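The structure file structure_22.cif is reproduced below (mmCIF, C-alpha atoms).
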data_model
#
loop_
_atom_site.label_atom_id
_atom_site.label_comp_id
_atom_site.auth_asym_id
_atom_site.auth_seq_id
_atom_site.Cartn_x
_atom_site.Cartn_y
_atom_site.Cartn_z
CA MET A 1 7.89 -8.37 -12.51
CA SER A 2 8.55 -12.07 -12.93
CA ALA A 3 11.52 -14.11 -11.76
CA ASP A 4 14.78 -12.26 -11.33
CA PRO A 5 16.92 -12.14 -14.40
CA HIS A 6 20.58 -12.33 -13.51
CA TYR A 7 21.84 -8.85 -13.97
CA THR A 8 25.42 -8.22 -14.78
CA LEU A 9 27.19 -4.95 -14.43
CA TYR A 10 29.35 -5.46 -17.42
CA HIS A 11 29.24 -7.74 -20.36
CA PRO A 12 32.17 -7.62 -22.75
CA ARG A 13 30.24 -8.53 -25.86
CA TRP A 14 27.17 -6.38 -25.44
CA TYR A 15 26.91 -2.73 -26.12
CA ARG A 16 24.58 -1.06 -23.69
CA ARG A 17 23.61 2.52 -24.10
CA ARG A 18 23.59 4.46 -20.87
CA VAL A 19 20.09 5.45 -19.83
CA SER A 20 19.55 8.51 -17.71
CA VAL A 21 18.06 8.00 -14.25
CA TRP A 22 15.35 10.43 -15.42
CA TRP A 23 14.29 8.30 -18.39
CA TRP A 24 10.71 8.28 -17.14
CA LEU A 25 10.29 12.03 -17.59
CA GLN A 26 10.70 11.79 -21.34
CA LYS A 27 7.29 10.45 -22.09
CA ARG A 28 3.94 10.87 -20.37
CA SER A 29 3.13 7.21 -20.24
CA TYR A 30 6.51 6.51 -18.63
CA THR A 31 5.84 9.19 -16.03
CA ALA A 32 2.43 7.73 -15.27
CA PHE A 33 4.05 4.32 -14.90
CA VAL A 34 6.65 5.55 -12.42
CA LEU A 35 4.07 7.56 -10.47
CA ARG A 36 1.94 4.43 -10.26
CA GLU A 37 4.90 2.44 -9.03
CA LEU A 38 5.63 5.16 -6.45
CA THR A 39 2.13 4.86 -4.96
CA SER A 40 3.49 1.91 -3.00
CA VAL A 41 5.57 4.32 -0.91
CA PHE A 42 2.43 6.16 0.19
CA VAL A 43 0.58 2.92 0.79
CA ALA A 44 3.41 1.94 3.14
CA PHE A 45 3.32 5.40 4.72
CA PHE A 46 -0.32 4.98 5.63
CA ALA A 47 0.24 1.46 6.95
CA VAL A 48 2.88 2.96 9.26
CA VAL A 49 0.50 5.73 10.37
CA TYR A 50 -2.05 3.08 11.29
CA LEU A 51 0.61 1.06 13.10
CA TRP A 52 1.53 4.22 14.98
CA GLN A 53 -2.11 4.76 15.93
CA LEU A 54 -2.35 1.17 17.10
CA ARG A 55 0.73 1.65 19.28
CA ALA A 56 -0.79 4.83 20.75
CA LEU A 57 -3.98 2.91 21.52
CA THR A 58 -2.01 0.25 23.42
CA GLN A 59 -0.28 2.96 25.45
CA GLY A 60 -3.36 4.81 26.68
CA PRO A 61 -5.54 7.88 26.17
CA GLU A 62 -2.64 10.31 26.50
CA ALA A 63 -0.62 8.71 23.74
CA TYR A 64 -3.71 8.57 21.52
CA GLY A 65 -4.30 12.29 22.15
CA GLN A 66 -0.73 13.02 21.14
CA PHE A 67 -1.17 10.97 18.00
CA LEU A 68 -4.27 12.97 17.04
CA ALA A 69 -2.51 16.26 17.81
CA ARG A 70 0.52 15.32 15.73
CA LEU A 71 -1.70 14.69 12.71
CA THR A 72 -3.01 18.27 12.83
CA THR A 73 0.45 19.79 12.33
CA PRO A 74 1.00 21.44 8.91
CA LEU A 75 3.73 18.95 8.06
CA PHE A 76 1.42 15.98 8.47
CA LEU A 77 -1.52 17.70 6.81
CA ALA A 78 0.60 18.44 3.74
CA LEU A 79 2.07 14.94 3.72
CA ASP A 80 -1.34 13.35 4.20
CA THR A 81 -2.89 15.35 1.38
CA VAL A 82 -0.21 14.27 -1.08
CA ALA A 83 -0.26 10.69 0.21
CA PHE A 84 -4.07 10.54 -0.02
CA LEU A 85 -3.94 11.54 -3.69
CA PHE A 86 -1.37 8.85 -4.37
CA VAL A 87 -3.44 6.25 -2.53
CA LEU A 88 -6.46 7.25 -4.64
CA PHE A 89 -4.32 6.92 -7.76
CA HIS A 90 -3.28 3.47 -6.59
CA ALA A 91 -6.90 2.44 -6.02
CA ILE A 92 -8.10 3.65 -9.42
CA THR A 93 -5.20 2.20 -11.40
CA TRP A 94 -5.52 -1.05 -9.44
CA PHE A 95 -9.23 -1.43 -10.19
CA ASN A 96 -8.77 -0.57 -13.84
CA LEU A 97 -6.11 -3.22 -14.08
CA THR A 98 -8.13 -6.09 -12.63
CA PRO A 99 -10.07 -7.07 -15.78
CA LYS A 100 -6.75 -7.33 -17.59
CA ALA A 101 -5.01 -9.29 -14.85
CA MET A 102 -7.91 -11.58 -14.09
CA VAL A 103 -9.99 -13.04 -16.90
CA VAL A 104 -13.14 -14.54 -15.45
CA ARG A 105 -15.18 -17.04 -17.40
CA LEU A 106 -18.76 -17.92 -16.67
CA ARG A 107 -20.32 -20.84 -18.55
CA GLY A 108 -17.52 -20.68 -21.06
CA LYS A 109 -18.07 -17.01 -21.80
CA ARG A 110 -15.71 -14.29 -20.79
CA VAL A 111 -17.21 -11.88 -18.26
CA PRO A 112 -16.99 -8.43 -19.86
CA ASP A 113 -14.46 -5.94 -18.50
CA TRP A 114 -17.06 -3.34 -17.59
CA LEU A 115 -18.83 -5.83 -15.33
CA ILE A 116 -15.66 -6.68 -13.40
CA LEU A 117 -14.87 -2.98 -13.19
CA SER A 118 -18.30 -2.06 -11.86
CA LEU A 119 -18.16 -4.87 -9.31
CA ASN A 120 -14.81 -3.53 -8.13
CA TYR A 121 -16.10 -0.01 -7.79
CA ALA A 122 -19.28 -1.23 -6.10
CA ALA A 123 -17.21 -3.21 -3.57
CA TRP A 124 -15.10 -0.10 -3.00
CA LEU A 125 -18.17 1.99 -2.30
CA VAL A 126 -19.79 -0.55 0.02
CA LEU A 127 -16.61 -1.21 2.02
CA SER A 128 -15.83 2.51 2.33
CA GLY A 129 -19.34 3.10 3.60
CA ALA A 130 -19.02 0.24 6.09
CA VAL A 131 -15.69 1.50 7.46
CA ALA A 132 -17.03 5.05 7.77
CA PHE A 133 -20.15 3.71 9.48
CA VAL A 134 -18.15 1.77 12.09
CA LEU A 135 -15.66 4.58 12.79
CA LEU A 136 -18.30 7.30 13.01
CA ARG A 137 -20.88 5.29 14.91
CA GLU A 138 -19.97 6.68 18.31
CA MET B 1 14.23 -16.48 -4.00
CA GLU B 2 12.75 -17.98 -7.13
CA ARG B 3 10.90 -20.59 -5.13
CA ILE B 4 8.97 -18.09 -3.03
CA THR B 5 8.25 -15.69 -5.89
CA PRO B 6 4.64 -16.96 -6.31
CA LEU B 7 4.03 -16.34 -2.61
CA LEU B 8 5.49 -12.84 -2.86
CA TRP B 9 3.28 -12.18 -5.85
CA LEU B 10 0.24 -13.35 -3.93
CA LEU B 11 1.08 -11.06 -1.02
CA PHE B 12 1.69 -8.22 -3.48
CA SER B 13 -1.69 -8.55 -5.13
CA ALA B 14 -3.57 -9.22 -1.89
CA GLY B 15 -1.95 -6.16 -0.35
CA GLY B 16 -2.69 -4.08 -3.41
CA THR B 17 -6.34 -5.07 -3.27
CA VAL B 18 -6.63 -4.34 0.45
CA ALA B 19 -4.94 -0.97 -0.02
CA ALA B 20 -7.14 -0.11 -3.02
CA LEU B 21 -10.41 -1.06 -1.34
CA LEU B 22 -9.80 0.17 2.20
CA PHE B 23 -6.99 2.70 2.37
CA PRO B 24 -8.75 5.63 0.69
CA VAL B 25 -11.56 5.72 3.26
CA HIS B 26 -9.29 5.12 6.26
CA PHE B 27 -6.83 7.67 4.99
CA PHE B 28 -9.48 10.25 4.22
CA LEU B 29 -10.90 9.96 7.74
CA THR B 30 -7.71 9.63 9.80
CA GLY B 31 -5.40 11.79 7.71
CA LEU B 32 -7.73 14.59 6.61
CA ALA B 33 -11.29 14.64 7.94
CA PHE B 34 -10.39 14.17 11.63
CA PRO B 35 -7.33 16.47 11.81
CA LEU B 36 -9.10 19.21 9.83
CA GLY B 37 -12.14 18.99 12.06
CA TRP B 38 -14.60 18.08 9.28
CA LEU B 39 -15.65 15.09 11.34
CA GLU B 40 -15.08 14.25 14.96
CA ALA B 41 -12.31 11.76 15.63
CA PRO B 42 -13.43 8.65 17.53
CA SER B 43 -12.55 8.75 21.21
CA TYR B 44 -9.92 6.57 22.83
CA GLU B 45 -12.55 4.62 24.75
CA PHE B 46 -14.52 3.87 21.60
CA LEU B 47 -11.52 2.65 19.60
CA HIS B 48 -10.20 0.69 22.54
CA ARG B 49 -13.54 -1.04 22.95
CA LEU B 50 -13.54 -1.79 19.22
CA LEU B 51 -10.10 -3.34 19.57
CA THR B 52 -11.22 -5.79 22.22
CA HIS B 53 -13.17 -7.59 19.51
CA PRO B 54 -11.16 -10.35 17.78
CA VAL B 55 -12.63 -9.47 14.38
CA THR B 56 -11.25 -5.93 14.64
CA ARG B 57 -7.82 -7.27 15.52
CA LEU B 58 -7.81 -9.68 12.61
CA TYR B 59 -8.98 -6.89 10.33
CA LEU B 60 -6.23 -4.54 11.51
CA PHE B 61 -3.61 -7.24 11.17
CA PHE B 62 -4.38 -7.74 7.50
CA LEU B 63 -5.06 -4.04 6.91
CA ILE B 64 -1.53 -3.17 8.00
CA SER B 65 0.57 -6.18 7.05
CA LEU B 66 -0.66 -7.05 3.55
CA PRO B 67 -0.16 -3.53 2.15
CA LEU B 68 3.36 -3.54 3.66
CA PHE B 69 4.18 -6.59 1.55
CA HIS B 70 2.57 -4.91 -1.42
CA TRP B 71 4.95 -2.00 -0.87
CA ALA B 72 7.98 -4.25 -0.42
CA HIS B 73 7.39 -6.05 -3.69
CA ARG B 74 6.58 -3.02 -5.76
CA PHE B 75 9.18 -0.70 -4.29
CA ARG B 76 11.86 -3.30 -4.89
CA TYR B 77 11.25 -3.07 -8.60
CA THR B 78 10.89 0.69 -8.47
CA LEU B 79 14.41 0.86 -7.07
CA TYR B 80 15.81 -1.54 -9.67
CA ASP B 81 14.23 0.19 -12.62
CA GLY B 82 13.93 3.75 -11.47
CA LEU B 83 17.32 4.19 -9.91
CA GLN B 84 19.10 1.50 -11.92
CA LEU B 85 20.30 -0.38 -8.88
CA LYS B 86 20.15 -3.77 -10.50
CA HIS B 87 23.45 -4.82 -9.01
CA LEU B 88 22.05 -4.43 -5.48
CA THR B 89 19.23 -6.95 -6.04
CA ALA B 90 19.88 -9.09 -2.97
CA LEU B 91 20.42 -6.22 -0.56
CA ILE B 92 17.30 -4.37 -1.71
CA ALA B 93 15.17 -7.50 -1.46
CA VAL B 94 16.37 -8.18 2.08
CA LEU B 95 15.72 -4.58 3.14
CA CYS B 96 12.25 -4.37 1.57
CA TYR B 97 10.85 -7.71 2.69
CA GLY B 98 12.68 -7.34 6.01
CA ALA B 99 10.92 -4.04 6.67
CA ALA B 100 7.55 -5.55 5.77
CA LEU B 101 8.22 -8.51 8.06
CA ALA B 102 9.26 -6.20 10.89
CA GLY B 103 6.07 -4.15 10.48
CA THR B 104 3.98 -7.31 10.46
CA ALA B 105 5.69 -8.63 13.59
CA MET B 106 5.12 -5.33 15.38
CA THR B 107 1.46 -5.26 14.36
CA ALA B 108 0.97 -8.83 15.59
CA TYR B 109 2.74 -8.03 18.85
CA LEU B 110 0.67 -4.89 19.52
CA LEU B 111 -2.57 -6.64 18.70
CA TRP B 112 -1.55 -9.47 21.00
CA VAL B 113 -0.65 -7.36 24.04
CA ILE B 114 -3.54 -4.90 23.84
CA SER B 115 -5.95 -5.64 26.65
#
Turn the structure described in the file into structure tokens.
Amino acid sequence: MSADPHYTLYHPRWYRRRVSVWWWLQKRSYTAFVLRELTSVFVAFFAVVYLWQLRALTQGPEAYGQFLARLTTPLFLALDTVAFLFVLFHAITWFNLTPKAMVVRLRGKRVPDWLILSLNYAAWLVLSGAVAFVLLRE
Amino acid sequence: MERITPLLWLLFSAGGTVAALLFPVHFFLTGLAFPLGWLEAPSYEFLHRLLTHPVTRLYLFFLISLPLFHWAHRFRYTLYDGLQLKHLTALIAVLCYGAALAGTAMTAYLLWVIS
């Protein structure tokens, strides 16, 4: 995912084999890759749900009540269950990636992967607890 | 496009981190625990009071907008690679980042007008 290469539809001197649109079903690691890439759709979905909640909150108690009621419909419950699993998949793959994407050095020595990983998971735990604490404080 | 790629990358990774750290808990509560009645949903008055605090508004702004840019950046490449739409590069980029910008603008507007 670096700078855009200039794609061409047709190049007279190159032979390009046609690849099926379903290329990612041929191998497990490819499928995992595409599923990981697809998590972004569910991340966006939840951002929109939160935007929707925010709009309801600006409109008043009635709109907020409707928002809550809408989320209890089977359609949204099913969608939310699937989306939640994808968001979890995003979180886990994202954390596991950080030691590879970000090499931290301390006094010239590389901080071991497991330490960065545990810090990530610890931050996840603490922040989740904090959010739950604030939202359930009432 | 090439000149703003580092910025788009920064937004992508910031959004990915925000979504990884905070979305599971928010999603679990709002999408599952509250609708299924496992926990009681916060009342309108409570959330509205929470929203009057500037820190909450700032938090919500980043909570919604950064992950939208994360989506835009990642989904763009999903479309190129997954559906082999490489010839539509420009159109897809405009649509993805445009949607993220629109969502961000709407979030900012709502957080601004809420009293």
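Selecting by distance to (1.3, 5.2, -2.8) with a limit of 10 Å and using all atoms listed in the file, one obtains A:Leu35, A:Arg36, A:Glu37, A:Leu38, A:Thr39, A:Ser40, A:Val41, A:Phe42, A:Val43, A:Ala44, A:Phe45, A:Phe46, A:Val82, A:Ala83, A:Phe84, A:Leu85, A:Phe86, A:Val87, A:Leu88, A:Phe89, A:His90, A:Ala91, B:Ala19, B:Ala20, B:Trp71, B:Phe75.
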> Written as number ranges by chain, what is the full residue list that the PyMOL selection byres ((chain A) within 8 of (chain B)) yields on the file shown?
Replying inline: A: 1-4, 7-9, 21-22, 24, 34, 37-38, 40-41, 43-44, 46-48, 50-51, 54-55, 57-58, 60-61, 64, 68-69, 71-72, 77, 80-81, 84, 87-88, 90-92, 94-95, 123-124, 127-128, 131-132, 135-136, 138
>> Between CA of Thr52 (chain B) and CA of Gly65 (chain A), what distance in Å does the model show, to one decimal?
In response: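 We find that CA of Thr52 (chain B) and CA of Gly65 (chain A) lie 19.4 Å from each other.
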> Please, what distance in Å, to one decimal, runs between CA of Leu7 (chain B) and CA of Ala108 (chain B)?
Replying inline: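 Those two atoms sit 19.9 Å apart.
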Please return the centre and edge lengths, in Å to one decimal, of a box with edges along x, y and z that contains all listed atoms of region 57-69 of chain B, widened by 3 Å on every side, as AutoDock Vina command-line options.
--center_x -2.4 --center_y -6.4 --center_z 8.5 --size_x 19.2 --size_y 12.5 --size_z 20.0
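Take CA of Val111 (chain A) and CA of Pro99 (chain A): the distance between them is 9.0 Å.
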Subset file: region 34-80 of chain B, N, CA and C atoms, as a compact mmCIF listing (two decimals), in the first residue's frame:
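The resulting part21.txt:
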# COMPACT_ATOMS: atom_id res chain seq x y z
N PHE B 34 -26.57 -3.60 25.19
CA PHE B 34 -27.75 -2.76 25.45
C PHE B 34 -29.00 -3.29 24.73
N PRO B 35 -28.92 -3.56 23.41
CA PRO B 35 -30.13 -4.05 22.72
C PRO B 35 -30.62 -5.39 23.26
N LEU B 36 -29.69 -6.25 23.70
CA LEU B 36 -30.12 -7.57 24.17
C LEU B 36 -30.53 -7.55 25.64
N GLY B 37 -30.39 -6.38 26.27
CA GLY B 37 -30.83 -6.25 27.64
C GLY B 37 -29.88 -6.84 28.68
N TRP B 38 -28.64 -7.15 28.27
CA TRP B 38 -27.67 -7.66 29.25
C TRP B 38 -27.29 -6.56 30.23
N LEU B 39 -27.22 -5.35 29.70
CA LEU B 39 -26.91 -4.19 30.53
C LEU B 39 -27.89 -3.08 30.16
N GLU B 40 -28.10 -2.17 31.09
CA GLU B 40 -29.06 -1.12 30.80
C GLU B 40 -28.41 0.01 30.01
N ALA B 41 -29.07 0.39 28.91
CA ALA B 41 -28.54 1.47 28.08
C ALA B 41 -28.58 2.78 28.85
N PRO B 42 -27.57 3.63 28.68
CA PRO B 42 -27.57 4.92 29.37
C PRO B 42 -28.75 5.77 28.89
N SER B 43 -29.30 6.55 29.79
CA SER B 43 -30.46 7.36 29.44
C SER B 43 -30.05 8.55 28.58
N TYR B 44 -31.05 9.15 27.94
CA TYR B 44 -30.79 10.32 27.11
C TYR B 44 -30.16 11.44 27.94
N GLU B 45 -30.73 11.67 29.12
CA GLU B 45 -30.24 12.77 29.97
C GLU B 45 -28.77 12.58 30.32
N PHE B 46 -28.42 11.34 30.63
CA PHE B 46 -27.04 11.05 31.03
C PHE B 46 -26.08 11.32 29.88
N LEU B 47 -26.41 10.78 28.69
CA LEU B 47 -25.52 10.95 27.54
C LEU B 47 -25.45 12.41 27.12
N HIS B 48 -26.59 13.08 27.21
CA HIS B 48 -26.62 14.48 26.82
C HIS B 48 -25.74 15.32 27.75
N ARG B 49 -25.81 14.99 29.02
CA ARG B 49 -24.98 15.70 30.00
C ARG B 49 -23.49 15.43 29.72
N LEU B 50 -23.21 14.17 29.36
CA LEU B 50 -21.83 13.80 29.03
C LEU B 50 -21.33 14.62 27.84
N LEU B 51 -22.24 14.84 26.89
CA LEU B 51 -21.87 15.54 25.66
C LEU B 51 -21.63 17.03 25.87
N THR B 52 -22.10 17.57 26.97
CA THR B 52 -21.86 18.99 27.20
C THR B 52 -20.40 19.24 27.56
N HIS B 53 -19.69 18.18 27.91
CA HIS B 53 -18.28 18.35 28.27
C HIS B 53 -17.41 18.37 27.01
N PRO B 54 -16.53 19.38 26.89
CA PRO B 54 -15.70 19.47 25.67
C PRO B 54 -14.84 18.23 25.43
N VAL B 55 -14.37 17.60 26.50
CA VAL B 55 -13.51 16.42 26.33
C VAL B 55 -14.28 15.30 25.63
N THR B 56 -15.55 15.12 26.00
CA THR B 56 -16.38 14.09 25.36
C THR B 56 -16.53 14.39 23.88
N ARG B 57 -16.74 15.67 23.55
CA ARG B 57 -16.93 16.03 22.14
C ARG B 57 -15.66 15.77 21.34
N LEU B 58 -14.54 16.14 21.91
CA LEU B 58 -13.26 15.91 21.22
C LEU B 58 -13.06 14.41 21.01
N TYR B 59 -13.35 13.66 22.07
CA TYR B 59 -13.22 12.20 22.02
C TYR B 59 -14.08 11.63 20.91
N LEU B 60 -15.35 12.05 20.87
CA LEU B 60 -16.26 11.52 19.85
C LEU B 60 -15.84 11.91 18.45
N PHE B 61 -15.30 13.13 18.33
CA PHE B 61 -14.85 13.58 17.01
C PHE B 61 -13.79 12.64 16.47
N PHE B 62 -12.80 12.34 17.29
CA PHE B 62 -11.73 11.45 16.82
C PHE B 62 -12.20 10.01 16.73
N LEU B 63 -13.09 9.62 17.63
CA LEU B 63 -13.60 8.24 17.63
C LEU B 63 -14.34 7.93 16.34
N ILE B 64 -15.02 8.92 15.79
CA ILE B 64 -15.79 8.68 14.56
C ILE B 64 -14.97 8.97 13.31
N SER B 65 -14.25 10.10 13.31
CA SER B 65 -13.62 10.51 12.05
C SER B 65 -12.37 9.69 11.70
N LEU B 66 -11.50 9.44 12.66
CA LEU B 66 -10.27 8.72 12.31
C LEU B 66 -10.54 7.33 11.74
N PRO B 67 -11.42 6.53 12.37
CA PRO B 67 -11.71 5.23 11.77
C PRO B 67 -12.35 5.34 10.38
N LEU B 68 -13.06 6.43 10.09
CA LEU B 68 -13.62 6.59 8.74
C LEU B 68 -12.49 6.72 7.73
N PHE B 69 -11.43 7.44 8.09
CA PHE B 69 -10.30 7.56 7.18
C PHE B 69 -9.52 6.25 7.08
N HIS B 70 -9.50 5.52 8.18
CA HIS B 70 -8.91 4.18 8.15
C HIS B 70 -9.65 3.33 7.10
N TRP B 71 -10.98 3.38 7.18
CA TRP B 71 -11.79 2.63 6.22
C TRP B 71 -11.49 3.08 4.79
N ALA B 72 -11.51 4.39 4.57
CA ALA B 72 -11.34 4.91 3.22
C ALA B 72 -10.06 4.38 2.60
N HIS B 73 -8.98 4.43 3.38
CA HIS B 73 -7.69 4.04 2.85
C HIS B 73 -7.61 2.54 2.57
N ARG B 74 -8.13 1.78 3.52
CA ARG B 74 -8.03 0.34 3.37
C ARG B 74 -8.99 -0.19 2.31
N PHE B 75 -10.19 0.33 2.32
CA PHE B 75 -11.23 -0.16 1.41
C PHE B 75 -10.87 0.16 -0.04
N ARG B 76 -10.19 1.28 -0.22
CA ARG B 76 -9.72 1.66 -1.55
C ARG B 76 -8.87 0.54 -2.14
N TYR B 77 -7.96 0.04 -1.33
CA TYR B 77 -7.08 -1.02 -1.84
C TYR B 77 -7.80 -2.35 -1.94
N THR B 78 -8.79 -2.55 -1.05
CA THR B 78 -9.58 -3.77 -1.16
C THR B 78 -10.29 -3.80 -2.51
N LEU B 79 -10.83 -2.66 -2.91
CA LEU B 79 -11.52 -2.61 -4.20
C LEU B 79 -10.56 -2.83 -5.36
N TYR B 80 -9.38 -2.20 -5.28
CA TYR B 80 -8.42 -2.39 -6.38
C TYR B 80 -8.05 -3.85 -6.52
